[in-house]
Amino acid sequence: MSAAPVNPPSVSSSSSASDAETLRRGRILSSKLYFDVPLTKVPIIYSSSYDIAFLGIEKLHPFDSSKWGRICRFLILDGALEKNHIVEPLEASKDDLLVVHSESYLNSLKSSLNVAVIIEVPPVALLPNCLVQQKVLYPFRKQVGGTILAAKLAKERGWAINVGGGFHHCSAGKGGGFCAYADISLCIHYAFIRLNISRVMIIDLDAHQGNGHEMDFSNDRRVYILDMYNPGIYPSDFEARRYIDQKVEVVSGTTTDEYLTKLDEALKVAGRMFDPELVVYNAGTDILDGDPLGRLKISPEGVTSRDEKVFRFAREKKIPLIMLTSGGYMKSSAKVIADSIVNLSRKCLIDTGSSHSRG
């Protein structure tokens, strides 16, 4: 009796890849994360659910887990933003997350120990997982919803700022470095399908290498990655470094002038190398002088100047831009981010509907 014919590996692997793509597409098209935002709102996305607070345990990590709310409070106090103009995102559902993440990775988050390792707060391992879901992972899922929605708003309005997000150490199958979900990868896949965008540039200016999105888009020519990072600190992911299109290494102790000069040159090169239809800007403030993890020496004014340069780069090329706040491990970060957003408004690079942008 002759054996049944077997498909060659290339055929079966390509058909399973197309099945996965069909499934991904279906999930994206049925998602509720994209919704129409009235023009009375500005494309600044935030929810009070972003902030993480439970039993003081969050203070065991240097990250300021109330940073996001404090940024908005500064903007409102400054008169740069009205509270009722802020856009509240939806929480990313399991189906939304499966667009990038594996079922096994999402299941691994049902272990409090695994979440404790990812967010680098060991006592979280001792908490019931229902509490960890509610107090840690739910805020992260809301921020993921914000990052995904930001692309739609940027396409419509030219720019959008998610006051959270930027979890650039998380890839499809692995979290780490306080990043449990791959919001940047998710946002880009949604943009490919729902916004009909085919070329995206990630400008990652967090002090740490963005190894999560680098692994996720390792073989995807639709995504161009400019990553400016300190090579001497976490995550030292040498495999992911191979997938950076444009590496700009800034060593510990780099000062403001040197940093901004390198950025100017990097943006010129990026503009020549790639013509994106969307820019995802990961604007970590852990480059600030005194940040215990970033180890760079950039002044608050330097951060303002950096953000302005990136927004000008996108504006001059008429490319929609989304900004994510990412890392920043000092209490002063929130004020620095708020001041930078006020500056963008004053320079008419964004319109927050306030006297700043009209004045």
# chains A, B, ... in the order shown; residues from 1 in each chain; ligands from 1

$ select_by_dssp --residues "stretch 97-323 of chain A" --states "alpha helix (DSSP H)" --output "number ranges by chain"
A: 97, 103-108, 112-119, 129-132, 138-157, 183-194, 211-216, 238-241, 256-273, 300-316

$ write_last_selection --atoms "C-alpha atoms" --output "CSV table (one decimal), in the first residue's frame"
chain,number,residue,atom,x,y,z
A,97,LEU,CA,-3.5,40.9,22.3
A,103,GLU,CA,-1.6,32.1,23.6
A,104,SER,CA,1.1,30.5,25.7
A,105,TYR,CA,2.7,33.9,26.5
A,106,LEU,CA,-0.7,35.3,27.6
A,107,ASN,CA,-1.3,32.2,29.7
A,108,SER,CA,2.1,32.7,31.3
A,112,SER,CA,2.0,36.0,39.5
A,113,LEU,CA,5.6,34.8,39.6
A,114,ASN,CA,6.0,35.4,35.9
A,115,VAL,CA,4.5,38.9,36.1
A,116,ALA,CA,6.8,39.7,39.1
A,117,VAL,CA,9.9,38.8,37.0
A,118,ILE,CA,8.6,40.9,34.0
A,119,ILE,CA,7.9,44.0,36.1
A,129,ASN,CA,-3.1,36.5,40.3
A,130,CYS,CA,-6.6,38.1,40.3
A,131,LEU,CA,-5.1,41.0,42.2
A,132,VAL,CA,-2.1,41.2,39.8
A,138,TYR,CA,-5.3,45.9,33.5
A,139,PRO,CA,-3.6,49.3,33.6
A,140,PHE,CA,-1.1,48.0,31.0
A,141,ARG,CA,-3.9,46.7,28.8
A,142,LYS,CA,-5.6,50.1,28.9
A,143,GLN,CA,-2.3,51.7,27.8
A,144,VAL,CA,-2.0,49.2,25.0
A,145,GLY,CA,-5.5,50.3,23.9
A,146,GLY,CA,-4.2,53.8,24.0
A,147,THR,CA,-1.2,53.1,21.8
A,148,ILE,CA,-3.3,51.3,19.2
A,149,LEU,CA,-5.9,54.1,19.1
A,150,ALA,CA,-3.1,56.7,18.8
A,151,ALA,CA,-2.3,55.5,15.2
A,152,LYS,CA,-5.8,56.1,14.0
A,153,LEU,CA,-5.9,59.5,15.6
A,154,ALA,CA,-2.5,60.4,14.2
A,155,LYS,CA,-3.7,59.4,10.7
A,156,GLU,CA,-6.8,61.7,11.1
A,157,ARG,CA,-5.2,64.6,12.9
A,183,ASP,CA,2.0,47.7,22.4
A,184,ILE,CA,4.3,49.1,19.7
A,185,SER,CA,4.1,45.9,17.6
A,186,LEU,CA,0.4,45.7,18.1
A,187,CYS,CA,-0.1,49.3,17.1
A,188,ILE,CA,1.8,48.8,13.9
A,189,HIS,CA,-0.1,45.6,12.9
A,190,TYR,CA,-3.4,47.4,13.4
A,191,ALA,CA,-2.1,50.3,11.2
A,192,PHE,CA,-1.2,47.9,8.4
A,193,ILE,CA,-4.7,46.5,8.2
A,194,ARG,CA,-7.0,49.2,9.4
A,211,ASN,CA,14.6,44.8,21.8
A,212,GLY,CA,11.0,43.8,21.8
A,213,HIS,CA,9.9,45.5,18.6
A,214,GLU,CA,13.2,44.7,17.1
A,215,MET,CA,12.6,41.0,17.5
A,216,ASP,CA,9.0,41.3,16.3
A,238,PHE,CA,22.8,41.3,21.0
A,239,GLU,CA,20.5,39.2,18.8
A,240,ALA,CA,17.9,42.0,18.6
A,241,ARG,CA,20.6,44.6,17.8
A,256,THR,CA,23.0,67.2,26.0
A,257,ASP,CA,24.9,68.9,23.2
A,258,GLU,CA,26.6,65.7,22.0
A,259,TYR,CA,23.3,63.9,22.2
A,260,LEU,CA,21.3,66.4,20.2
A,261,THR,CA,24.1,66.6,17.5
A,262,LYS,CA,23.9,62.8,17.1
A,263,LEU,CA,20.1,63.0,16.9
A,264,ASP,CA,20.2,65.7,14.2
A,265,GLU,CA,22.5,63.6,12.1
A,266,ALA,CA,20.5,60.4,12.7
A,267,LEU,CA,17.2,62.0,11.6
A,268,LYS,CA,18.9,63.3,8.4
A,269,VAL,CA,20.1,59.8,7.6
A,270,ALA,CA,16.7,58.2,8.5
A,271,GLY,CA,14.9,60.7,6.2
A,272,ARG,CA,17.2,59.7,3.3
A,273,MET,CA,16.9,55.9,4.0
A,300,PRO,CA,15.3,68.8,30.9
A,301,GLU,CA,15.7,71.5,28.1
A,302,GLY,CA,17.5,68.8,26.1
A,303,VAL,CA,14.5,66.5,26.3
A,304,THR,CA,12.2,69.4,25.1
A,305,SER,CA,14.6,70.0,22.2
A,306,ARG,CA,14.8,66.3,21.3
A,307,ASP,CA,10.9,66.0,21.2
A,308,GLU,CA,10.7,69.2,19.1
A,309,LYS,CA,13.2,67.8,16.6
A,310,VAL,CA,11.3,64.6,16.1
A,311,PHE,CA,8.0,66.4,15.7
A,312,ARG,CA,9.6,68.8,13.2
A,313,PHE,CA,11.0,65.8,11.3
A,314,ALA,CA,7.5,64.3,10.9
A,315,ARG,CA,5.8,67.7,10.2
A,316,GLU,CA,8.2,68.6,7.4

$ residues_around --residues "stretch 244-252 of chain A" --least-positions-apart "6" --cutoff "7 Å" --atoms "only C-alpha atoms" --output "PyMOL selection string"
chain A and resi 214+224-232+295-296

$ write_last_selection --atoms "N, CA and C atoms" --output "PDB file, in the first residue's frame"
ATOM      1  N   GLU A 214      12.195  45.130  17.997  1.00  0.00           N
ATOM      2  CA  GLU A 214      13.246  44.688  17.067  1.00  0.00           C
ATOM      3  C   GLU A 214      13.100  43.199  16.744  1.00  0.00           C
ATOM      4  N   TYR A 224      11.047  50.317   9.604  1.00  0.00           N
ATOM      5  CA  TYR A 224      12.425  50.814   9.688  1.00  0.00           C
ATOM      6  C   TYR A 224      12.648  51.271  11.130  1.00  0.00           C
ATOM      7  N   ILE A 225      13.702  50.773  11.766  1.00  0.00           N
ATOM      8  CA  ILE A 225      13.939  51.089  13.180  1.00  0.00           C
ATOM      9  C   ILE A 225      15.197  51.933  13.343  1.00  0.00           C
ATOM     10  N   LEU A 226      14.995  53.133  13.879  1.00  0.00           N
ATOM     11  CA  LEU A 226      16.098  53.985  14.334  1.00  0.00           C
ATOM     12  C   LEU A 226      16.098  53.898  15.852  1.00  0.00           C
ATOM     13  N   ASP A 227      17.144  53.333  16.414  1.00  0.00           N
ATOM     14  CA  ASP A 227      17.214  53.170  17.872  1.00  0.00           C
ATOM     15  C   ASP A 227      18.478  53.854  18.385  1.00  0.00           C
ATOM     16  N   MET A 228      18.285  54.856  19.246  1.00  0.00           N
ATOM     17  CA  MET A 228      19.396  55.603  19.848  1.00  0.00           C
ATOM     18  C   MET A 228      19.399  55.237  21.332  1.00  0.00           C
ATOM     19  N   TYR A 229      20.405  54.486  21.760  1.00  0.00           N
ATOM     20  CA  TYR A 229      20.348  53.886  23.100  1.00  0.00           C
ATOM     21  C   TYR A 229      21.741  53.784  23.703  1.00  0.00           C
ATOM     22  N   ASN A 230      21.765  53.582  25.012  1.00  0.00           N
ATOM     23  CA  ASN A 230      23.014  53.368  25.740  1.00  0.00           C
ATOM     24  C   ASN A 230      23.334  51.870  25.683  1.00  0.00           C
ATOM     25  N   PRO A 231      24.439  51.485  25.006  1.00  0.00           N
ATOM     26  CA  PRO A 231      24.736  50.057  24.843  1.00  0.00           C
ATOM     27  C   PRO A 231      25.233  49.396  26.127  1.00  0.00           C
ATOM     28  N   GLY A 232      25.565  50.204  27.143  1.00  0.00           N
ATOM     29  CA  GLY A 232      26.158  49.643  28.356  1.00  0.00           C
ATOM     30  C   GLY A 232      25.154  49.278  29.441  1.00  0.00           C
ATOM     31  N   ARG A 295      21.589  56.431  32.779  1.00  0.00           N
ATOM     32  CA  ARG A 295      23.014  56.819  32.914  1.00  0.00           C
ATOM     33  C   ARG A 295      23.509  57.818  31.878  1.00  0.00           C
ATOM     34  N   LEU A 296      22.587  58.587  31.290  1.00  0.00           N
ATOM     35  CA  LEU A 296      22.990  59.665  30.388  1.00  0.00           C
ATOM     36  C   LEU A 296      22.854  60.989  31.135  1.00  0.00           C
TER      37      LEU A 296
END

$ closest_atom_pairs --of "stretch 113-183 of chain A" --to "stretch 323-337 of chain A" --cutoff "6 Å" --atoms "only C-alpha atoms" --output "CSV"
residue,atom,partner,partner_atom,distance
A:Ile161,CA,A:Met323,CA,4.7
A:Asn162,CA,A:Leu324,CA,5.3
A:Val163,CA,A:Thr325,CA,5.9
A:Gly164,CA,A:Thr325,CA,5.5
A:Gly165,CA,A:Leu324,CA,5.5
A:Gly166,CA,A:Ser326,CA,4.2

$ write_last_selection --atoms "C-alpha atoms" --output "CSV table (one decimal), in the first residue's frame"
chain,number,residue,atom,x,y,z
A,161,ILE,CA,0.2,61.4,22.1
A,162,ASN,CA,-0.5,58.3,24.3
A,163,VAL,CA,0.5,59.6,27.8
A,164,GLY,CA,1.4,55.9,28.5
A,165,GLY,CA,2.7,53.0,26.5
A,166,GLY,CA,6.0,52.4,24.9

$ atom_distance --atom1 "atom CA of A:Gly253" --atom2 "atom CA of A:Gly290"
10.1 Å

$ residues_around --residues "stretch 77-85 of chain A" --least-positions-apart "2" --cutoff "6 Å" --atoms "only C-alpha atoms" --output "list in words"
Lys41, Val42, Phe74, Leu75 and Ser354 of chain A

$ write_last_selection --atoms "N, CA, C and O atoms" --output "PDB file, in the first residue's frame"
ATOM      1  N   LYS A  41     -12.509  66.611  21.100  1.00  0.00           N
ATOM      2  CA  LYS A  41     -11.391  66.037  21.881  1.00  0.00           C
ATOM      3  C   LYS A  41     -10.093  66.292  21.127  1.00  0.00           C
ATOM      4  O   LYS A  41     -10.083  66.403  19.905  1.00  0.00           O
ATOM      5  N   VAL A  42      -8.980  66.355  21.880  1.00  0.00           N
ATOM      6  CA  VAL A  42      -7.664  66.475  21.234  1.00  0.00           C
ATOM      7  C   VAL A  42      -6.998  65.098  21.253  1.00  0.00           C
ATOM      8  O   VAL A  42      -7.343  64.260  22.086  1.00  0.00           O
ATOM      9  N   PHE A  74      -0.259  68.185  35.366  1.00  0.00           N
ATOM     10  CA  PHE A  74       0.601  69.345  35.037  1.00  0.00           C
ATOM     11  C   PHE A  74       0.063  70.087  33.814  1.00  0.00           C
ATOM     12  O   PHE A  74       0.020  71.316  33.796  1.00  0.00           O
ATOM     13  N   LEU A  75      -0.342  69.333  32.790  1.00  0.00           N
ATOM     14  CA  LEU A  75      -0.856  69.966  31.559  1.00  0.00           C
ATOM     15  C   LEU A  75      -2.131  70.754  31.839  1.00  0.00           C
ATOM     16  O   LEU A  75      -2.330  71.847  31.311  1.00  0.00           O
ATOM     17  N   SER A 354      -5.675  74.745  23.338  1.00  0.00           N
ATOM     18  CA  SER A 354      -5.491  75.658  24.475  1.00  0.00           C
ATOM     19  C   SER A 354      -4.969  77.010  23.984  1.00  0.00           C
ATOM     20  O   SER A 354      -4.643  77.181  22.820  1.00  0.00           O
TER      21      SER A 354
END

$ atom_distance --atom1 "atom CA of A:Asp220" --atom2 "atom CA of A:Glu91"
27.2 Å

$ atom_distance --atom1 "atom CA of A:Ala160" --atom2 "atom CA of A:Ile44"
5.9 Å

$ select_by_dssp --residues "stretch 199-316 of chain A" --states "strand (DSSP E or B)" --output "JSON, numbers by chain"
{"A": [200, 201, 202, 203, 204, 223, 224, 225, 226, 227, 228, 229, 246, 247, 248, 249, 255, 278, 279, 280, 281, 282, 288, 297, 298]}

$ write_last_selection --atoms "N, CA and C atoms" --output "tab-separated table (two decimals), in the first residue's frame"
chain	number	residue	atom	x	y	z
A	200	VAL	N	6.32	51.94	8.11
A	200	VAL	CA	6.33	52.57	9.44
A	200	VAL	C	7.77	52.75	9.91
A	201	MET	N	8.07	53.92	10.46
A	201	MET	CA	9.38	54.15	11.07
A	201	MET	C	9.20	54.23	12.59
A	202	ILE	N	9.98	53.42	13.30
A	202	ILE	CA	10.04	53.53	14.76
A	202	ILE	C	11.26	54.37	15.10
A	203	ILE	N	11.05	55.47	15.80
A	203	ILE	CA	12.17	56.28	16.31
A	203	ILE	C	12.19	56.05	17.82
A	204	ASP	N	13.10	55.22	18.28
A	204	ASP	CA	13.14	54.84	19.69
A	204	ASP	C	14.26	55.59	20.39
A	223	VAL	N	8.99	47.90	8.19
A	223	VAL	CA	9.28	48.66	9.41
A	223	VAL	C	10.77	49.02	9.44
A	224	TYR	N	11.05	50.32	9.60
A	224	TYR	CA	12.42	50.81	9.69
A	224	TYR	C	12.65	51.27	11.13
A	225	ILE	N	13.70	50.77	11.77
A	225	ILE	CA	13.94	51.09	13.18
A	225	ILE	C	15.20	51.93	13.34
A	226	LEU	N	14.99	53.13	13.88
A	226	LEU	CA	16.10	53.98	14.33
A	226	LEU	C	16.10	53.90	15.85
A	227	ASP	N	17.14	53.33	16.41
A	227	ASP	CA	17.21	53.17	17.87
A	227	ASP	C	18.48	53.85	18.38
A	228	MET	N	18.29	54.86	19.25
A	228	MET	CA	19.40	55.60	19.85
A	228	MET	C	19.40	55.24	21.33
A	229	TYR	N	20.40	54.49	21.76
A	229	TYR	CA	20.35	53.89	23.10
A	229	TYR	C	21.74	53.78	23.70
A	246	GLN	N	19.07	51.33	11.93
A	246	GLN	CA	19.97	52.47	12.16
A	246	GLN	C	20.27	52.56	13.66
A	247	LYS	N	21.47	52.07	14.01
A	247	LYS	CA	21.91	52.06	15.41
A	247	LYS	C	22.64	53.35	15.72
A	248	VAL	N	22.24	54.03	16.81
A	248	VAL	CA	23.01	55.18	17.28
A	248	VAL	C	23.30	54.93	18.76
A	249	GLU	N	24.55	54.59	19.05
A	249	GLU	CA	24.88	54.25	20.44
A	249	GLU	C	25.38	55.49	21.17
A	255	THR	N	26.43	63.91	27.15
A	255	THR	CA	25.79	65.17	27.56
A	255	THR	C	24.85	65.70	26.47
A	278	LEU	N	3.92	56.47	8.63
A	278	LEU	CA	3.60	56.67	10.05
A	278	LEU	C	4.91	56.60	10.82
A	279	VAL	N	5.07	57.52	11.78
A	279	VAL	CA	6.21	57.46	12.70
A	279	VAL	C	5.71	57.10	14.09
A	280	VAL	N	6.31	56.07	14.69
A	280	VAL	CA	6.04	55.73	16.09
A	280	VAL	C	7.25	56.19	16.88
A	281	TYR	N	7.04	57.20	17.73
A	281	TYR	CA	8.13	57.83	18.48
A	281	TYR	C	8.08	57.39	19.94
A	282	ASN	N	9.09	56.61	20.33
A	282	ASN	CA	9.17	56.14	21.72
A	282	ASN	C	10.04	57.11	22.50
A	288	LEU	N	17.37	61.48	31.01
A	288	LEU	CA	17.62	62.65	31.88
A	288	LEU	C	18.83	62.45	32.79
A	297	LYS	N	23.31	62.08	30.53
A	297	LYS	CA	23.31	63.36	31.24
A	297	LYS	C	22.61	64.45	30.42
A	298	ILE	N	21.36	64.17	30.05
A	298	ILE	CA	20.61	65.10	29.21
A	298	ILE	C	19.78	66.01	30.12

$ closest_residue --among "A:Val136, A:Ile71, A:Arg24, A:Tyr234" --to "A:Ser340" --atoms "only C-alpha atoms"
A:Ile71

$ residues_around --residues "A:His169" --least-positions-apart "6" --cutoff "9 Å" --atoms "only C-alpha atoms" --output "ChimeraX atom specification"
/A:175-182,208-213,235

$ write_last_selection --atoms "N, CA and C atoms" --output "short mmCIF file (atom, residue, chain, number, x, y, z; two decimals), in the first residue's frame"
data_model
loop_
_atom_site.label_atom_id
_atom_site.label_comp_id
_atom_site.auth_asym_id
_atom_site.auth_seq_id
_atom_site.Cartn_x
_atom_site.Cartn_y
_atom_site.Cartn_z
N GLY A 175 8.12 38.91 27.78
CA GLY A 175 8.08 40.23 28.42
C GLY A 175 9.37 40.47 29.20
N GLY A 176 9.53 41.68 29.73
CA GLY A 176 10.71 42.01 30.53
C GLY A 176 10.84 43.50 30.69
N GLY A 177 11.65 43.92 31.65
CA GLY A 177 11.95 45.34 31.80
C GLY A 177 10.72 46.21 32.02
N PHE A 178 9.77 45.73 32.84
CA PHE A 178 8.55 46.47 33.17
C PHE A 178 7.58 46.52 31.98
N CYS A 179 7.78 45.64 30.99
CA CYS A 179 6.93 45.64 29.79
C CYS A 179 6.27 44.27 29.64
N ALA A 180 4.94 44.23 29.81
CA ALA A 180 4.21 42.95 29.77
C ALA A 180 3.51 42.71 28.44
N TYR A 181 3.26 43.78 27.67
CA TYR A 181 2.58 43.64 26.38
C TYR A 181 3.32 44.45 25.32
N ALA A 182 3.31 43.95 24.08
CA ALA A 182 4.07 44.59 22.99
C ALA A 182 3.19 45.63 22.28
N HIS A 208 17.15 52.91 26.74
CA HIS A 208 17.37 51.47 26.59
C HIS A 208 17.05 51.01 25.17
N GLN A 209 17.76 49.99 24.74
CA GLN A 209 17.52 49.40 23.42
C GLN A 209 16.11 48.80 23.37
N GLY A 210 15.40 49.05 22.25
CA GLY A 210 14.02 48.55 22.10
C GLY A 210 13.98 47.14 21.54
N ASN A 211 14.46 46.19 22.33
CA ASN A 211 14.65 44.83 21.81
C ASN A 211 13.34 44.12 21.49
N GLY A 212 12.24 44.50 22.09
CA GLY A 212 10.96 43.82 21.83
C GLY A 212 10.48 44.02 20.40
N HIS A 213 10.33 45.28 19.99
CA HIS A 213 9.86 45.52 18.61
C HIS A 213 10.92 45.10 17.58
N PRO A 235 18.89 46.18 27.82
CA PRO A 235 18.84 44.72 27.98
C PRO A 235 20.05 43.98 27.40
#
